[in-house]
Structure formats: structure tokens, C-alpha cells
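Trainee: The structure that follows is given in the form of C-alpha cells.
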Amino acid sequence: MDFMKPETVLDLDNIRQALQRMEDSIIFNFIERSQFYTCPSVYKADVFPIPNFKGSFLDWLLSQHEAIQSQVRRYEAPDEYPFFPDALLPTFLPKINYPPILASYANDININNTIKKIYIETIVPGVSIGDADQMVNLGSTAMTDIDALQSLSRRIHFGMFVAEAKFRSERERFTKLIRENDVKGIEDAITNKVVEDKILLRLLEKGKAYGVDPTLKFTQHIEGKVKPEVIVNIYRDYVIPLTKKVEVDYLLRRLDVEDP
Ligand SMILES: O=C(O)C(=O)C[C@]1(C(=O)O)C=C[C@@H](O)C=C1
């Protein structure tokens, strides 16, 4: 997939391949997070006296990372959406002139606050080794959170490419549904149960394979580092539904603009 070539980005097979590839990053990020305890102090506001900052340790560290990464143009890329848009800084590197692929309002569709809330409240307790604070690992824990959150955010906001591709391939059907503001109809139109089931099955297998040391796999039964069922449930209950929410939010505004 090449963001300089819009036709490659709006090809549904390419998009699904990219989503499949992202599964690996997301699973490995969960496995990295699973070495640590839940560490509630990372997520509670104002536990530590952070200079000039009100909020949680994670929010501080993530916003600092985003500020630096914005300077190397991370958020100019059409598939990256920041958690702290107000923290971004201008870049000193030359501007990249990406051809327009998504509608001009794409940057306004940002559900990272929802992703972060679900991550902290549900995903962290699901993948952590146990429920406790671990003051020596605050930094390491929050660093794995940043990787996990960024990979989830990228995957979920990729829904906009899916939506644009589907809109263009069934323009009449979507135009009617959008005109009628038929959210349920749009949801049905973007849903492909066969693809979803395939993803969930593949995640179960990947979870089993990636979570264990391959040299031990054949000699004894080893518990995975993150239970494969936990990964499947996270995708079934949150990752896929949130991707669909992004698709619907994007499509609902699609008739307000010309083709990008
Ligand atoms: O591949 C698609 O068609 C998508 O819309 C993406 C996705 C997903 O999140 O993976 C979401 C909805 C579909 O039901 C199937 C899969």
C-alpha cells in the first residue's frame, strides 16, 4: 500500500491485507503489555507531580511522544491520528505532499478518546499479568501502552479507507442510505460476516502461535502469554465494532463533499 498512489490505498484487498498485517503488531503489543501488572497509577490523574501538566502519567508520556513524532511528520500521514491533537508541533522537515485519498473532513473523525478509555478499562485488565501497582515499572508499562494504543488507533481509523473504497464501489446504494440517514442500513451494508469470522479464527491461531516459545510448543502444554480467546474477544467486542463506527461516521458526511 502506497499513500502516494491513491488507487492502491482504495483497493479493498490491499486494505484487508494491511489490516491483517496490523494484527501481528497488535498481538505482539498485547504480549509486551502482558509482562506487567495493571498499574492503575499509570492511568489515574494527578498521581505524580508532573511539571506543568494536569492528568495521568500515561497522558503526559503519550502527549510528549506525539509532540516529538509530529516533528518527524507522523500525523501528516493519512493513516495516523493523534490522541492529543493540541500537543502537536510543526515539523522542520520538508512537507510531504500526499495526494488526497480521503474526504477533507477525515481529520475531524478521531475516536482516540474512546479507544483509550476501552483500552484502560477493559484491555489492560484482560492482558496484564495481575492486578496491582508496580512502581518500578511505571515507565516500561506506559511505553507498552503507547505502542498498543497507537497500533489500535491506526487499525481502527483505517476504517475510513475501507469506507471510501466501499462508497466508490457501490455509490448508488450508499448515496441512498446516507441521504436517508439510515445508520442501521449503512452498518448492514459495510458488514461482511464472512470476513469478520475469518479474522477471529485467524486471531485465535495467531494468538496460540505467537504467545508461546516455539521450541517448547511440542514438548508440553504451555499457557500463552495472552490467552488467544482474550485477543479474539477484544477484536470481536471492540476493534471491529469501533472500525465500523469509524466507517459509519465517515460515510454519514460523505455526500457533503466532492470526491477527494
Ligand atoms: O473488511 C471489511 O470489509 C471491513 O469493513 C473491515 C472489518 C474489520 O473491522 O475488520 C469491519 C467490518 C466488516 O464486517 C469486516 C471487517
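Starting from 1 in every chain, residues are counted up; chains themselves are A, B, ... following the order of the C-alpha cells, and ligands are numbered from 1 as listed.
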7 Å from ligand 1 is the threshold here; counting only C-alpha atoms and all ligand atoms, which polymer residues fall inside it? Answer as a PyMOL selection string.
Mentor: chain A and resi 16+19+159+162+190-193+195-196+199+239-241+243-244
Trainee: Name all residues at most 6 Å from range 100-115 of chain A (count only C-alpha atoms; drop same-chain ones fewer than 4 positions away) and give them as an mmCIF file with N, CA, C and O atoms, in the first residue's frame.
Mentor:
data_model
loop_
_atom_site.group_PDB
_atom_site.id
_atom_site.type_symbol
_atom_site.label_atom_id
_atom_site.label_comp_id
_atom_site.auth_asym_id
_atom_site.auth_seq_id
_atom_site.Cartn_x
_atom_site.Cartn_y
_atom_site.Cartn_z
ATOM 1 N N PRO A 6 -3.070 6.712 -4.667
ATOM 2 C CA PRO A 6 -4.395 6.501 -4.072
ATOM 3 C C PRO A 6 -5.080 5.219 -4.541
ATOM 4 O O PRO A 6 -5.782 4.581 -3.770
ATOM 5 N N PHE A 83 -3.721 11.214 19.662
ATOM 6 C CA PHE A 83 -4.546 11.226 20.866
ATOM 7 C C PHE A 83 -4.611 12.638 21.461
ATOM 8 O O PHE A 83 -5.563 12.990 22.130
ATOM 9 N N TYR A 119 -9.323 0.790 26.230
ATOM 10 C CA TYR A 119 -8.012 0.162 26.468
ATOM 11 C C TYR A 119 -7.726 0.095 27.971
ATOM 12 O O TYR A 119 -7.379 -0.964 28.506
ATOM 13 N N PRO A 260 -12.441 13.120 -3.248
ATOM 14 C CA PRO A 260 -11.136 13.738 -2.960
ATOM 15 C C PRO A 260 -10.234 13.720 -4.194
ATOM 16 O O PRO A 260 -10.363 12.879 -5.046
#
Trainee: Using only C-alpha atoms for the distances, tell me which of A:Ile231, A:Gln150, A:Val124, A:Asp86 is nearest to Cys39 in chain A.
Mentor: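 Smallest separation from Cys39 in chain A among the options: A:Val124.
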Trainee: Rounded to one decimal in Å, what is the spacing between CA of Ala77 in chain A and CA of Tyr98 in chain A?
Mentor: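 Interatomic distance, CA of Ala77 in chain A to CA of Tyr98 in chain A: 7.7 Å.
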Trainee: Do you know which residues are at most 10 Å from Ala18 in chain A counting only C-alpha atoms, after dropping those on the same chain fewer than 5 positions away, and could you put them as JSON, numbers by chain?
Mentor: {"A": [1, 9, 12, 13, 23, 155, 158]}
Trainee: Could those residues be written to a file, using all heavy atoms, as an mmCIF file, in the first residue's frame?
Mentor:
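Full text of selection.cif as output:
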data_model
loop_
_atom_site.group_PDB
_atom_site.id
_atom_site.type_symbol
_atom_site.label_atom_id
_atom_site.label_comp_id
_atom_site.auth_asym_id
_atom_site.auth_seq_id
_atom_site.Cartn_x
_atom_site.Cartn_y
_atom_site.Cartn_z
ATOM 1 N N MET A 1 0.845 -1.195 0.000
ATOM 2 C CA MET A 1 0.000 0.000 0.000
ATOM 3 C C MET A 1 0.885 1.253 0.000
ATOM 4 O O MET A 1 1.792 1.368 0.815
ATOM 5 C CB MET A 1 -0.848 -0.066 1.269
ATOM 6 C CG MET A 1 -1.890 0.950 1.368
ATOM 7 S SD MET A 1 -2.958 0.522 2.742
ATOM 8 C CE MET A 1 -4.430 0.101 1.973
ATOM 9 N N VAL A 9 -4.422 2.379 -2.341
ATOM 10 C CA VAL A 9 -4.961 2.514 -0.983
ATOM 11 C C VAL A 9 -6.462 2.246 -0.952
ATOM 12 O O VAL A 9 -7.009 1.850 0.068
ATOM 13 C CB VAL A 9 -4.655 3.928 -0.428
ATOM 14 C CG1 VAL A 9 -5.100 4.051 1.012
ATOM 15 C CG2 VAL A 9 -3.172 4.240 -0.537
ATOM 16 N N LEU A 12 -9.844 -2.688 -1.873
ATOM 17 C CA LEU A 12 -10.280 -3.367 -0.639
ATOM 18 C C LEU A 12 -9.403 -4.558 -0.275
ATOM 19 O O LEU A 12 -9.162 -4.820 0.904
ATOM 20 C CB LEU A 12 -11.754 -3.785 -0.771
ATOM 21 C CG LEU A 12 -12.517 -4.093 0.516
ATOM 22 C CD1 LEU A 12 -12.361 -3.038 1.578
ATOM 23 C CD2 LEU A 12 -13.999 -4.319 0.206
ATOM 24 N N ASP A 13 -8.879 -5.263 -1.291
ATOM 25 C CA ASP A 13 -7.988 -6.392 -0.984
ATOM 26 C C ASP A 13 -6.709 -5.894 -0.308
ATOM 27 O O ASP A 13 -6.225 -6.498 0.652
ATOM 28 C CB ASP A 13 -7.600 -7.152 -2.267
ATOM 29 C CG ASP A 13 -8.778 -7.943 -2.803
ATOM 30 O OD1 ASP A 13 -9.683 -8.253 -1.991
ATOM 31 O OD2 ASP A 13 -8.802 -8.237 -4.011
ATOM 32 N N GLU A 23 -2.664 -6.966 12.593
ATOM 33 C CA GLU A 23 -2.998 -7.917 13.672
ATOM 34 C C GLU A 23 -1.717 -8.338 14.399
ATOM 35 O O GLU A 23 -1.706 -8.474 15.617
ATOM 36 C CB GLU A 23 -3.658 -9.182 13.102
ATOM 37 C CG GLU A 23 -5.050 -8.952 12.567
ATOM 38 C CD GLU A 23 -5.523 -10.109 11.683
ATOM 39 O OE1 GLU A 23 -4.830 -11.145 11.580
ATOM 40 O OE2 GLU A 23 -6.599 -9.954 11.078
ATOM 41 N N ARG A 155 -5.274 0.953 13.310
ATOM 42 C CA ARG A 155 -6.140 -0.098 12.775
ATOM 43 C C ARG A 155 -7.599 0.394 12.687
ATOM 44 O O ARG A 155 -8.275 0.212 11.679
ATOM 45 C CB ARG A 155 -6.056 -1.291 13.718
ATOM 46 C CG ARG A 155 -6.530 -2.611 13.194
ATOM 47 C CD ARG A 155 -8.016 -2.764 13.143
ATOM 48 N NE ARG A 155 -8.351 -4.048 12.554
ATOM 49 C CZ ARG A 155 -9.517 -4.351 12.055
ATOM 50 N NH1 ARG A 155 -10.493 -3.473 12.031
ATOM 51 N NH2 ARG A 155 -9.733 -5.528 11.544
ATOM 52 N N PHE A 158 -8.260 3.118 10.172
ATOM 53 C CA PHE A 158 -8.170 2.593 8.798
ATOM 54 C C PHE A 158 -9.561 2.349 8.218
ATOM 55 O O PHE A 158 -9.724 2.228 7.005
ATOM 56 C CB PHE A 158 -7.369 1.281 8.792
ATOM 57 C CG PHE A 158 -6.210 1.273 7.841
ATOM 58 C CD1 PHE A 158 -5.071 2.006 8.112
ATOM 59 C CD2 PHE A 158 -6.241 0.526 6.669
ATOM 60 C CE1 PHE A 158 -3.995 2.009 7.238
ATOM 61 C CE2 PHE A 158 -5.174 0.528 5.783
ATOM 62 C CZ PHE A 158 -4.049 1.264 6.070
#
Trainee: Find the spatial neighbours of range 88-90 of chain A, counting only C-alpha atoms, within a cut-off of 8 Å - ignore same-chain residues fewer than 6 positions away - and output them as number ranges by chain.
Mentor: A: 66-68, 70-71
Trainee: Of the candidates A:Leu58, A:Val246, A:Lys166, A:Gly130, which shows the shortest atom-to-atom distance to Asp145 in chain A, using only C-alpha atoms?
Mentor: A:Leu58
Trainee: Write out as a VMD selection string the set of residues from range 64-150 of chain A that DSSP, computed on the backbone, places in helix (DSSP H, G or I).
Mentor: chain A and resid 64 to 71 74 to 76 85 to 87 104 to 108 112 to 127 135 to 150
Trainee: Report the distance between CA of Pro40 in chain A and CA of Lys116 in chain A in Å, rounded to one decimal place.
Mentor: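 If I compute the distance from CA of Pro40 in chain A to CA of Lys116 in chain A, I get 13.9 Å.
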Trainee: Skip range 250-252 of chain A itself and residues of its chain fewer than 5 positions away, then list as a compact mmCIF listing (two decimals) with C-alpha atoms, in the first residue's frame all residues within 7 Å of it, counting only C-alpha atoms.
Mentor:
# COMPACT_ATOMS: atom_id res chain seq x y z
CA MET A 160 -12.00 5.39 6.69
CA ALA A 163 -15.44 3.25 3.88
CA ILE A 178 -26.66 8.34 3.51
Trainee: For Ala165 in chain A, which of A:Leu61, A:Tyr81, A:Arg253, A:Glu247 is the closest residue, counting only C-alpha atoms?
Mentor: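 Of the candidates, the smallest distance to Ala165 in chain A is held by A:Glu247.
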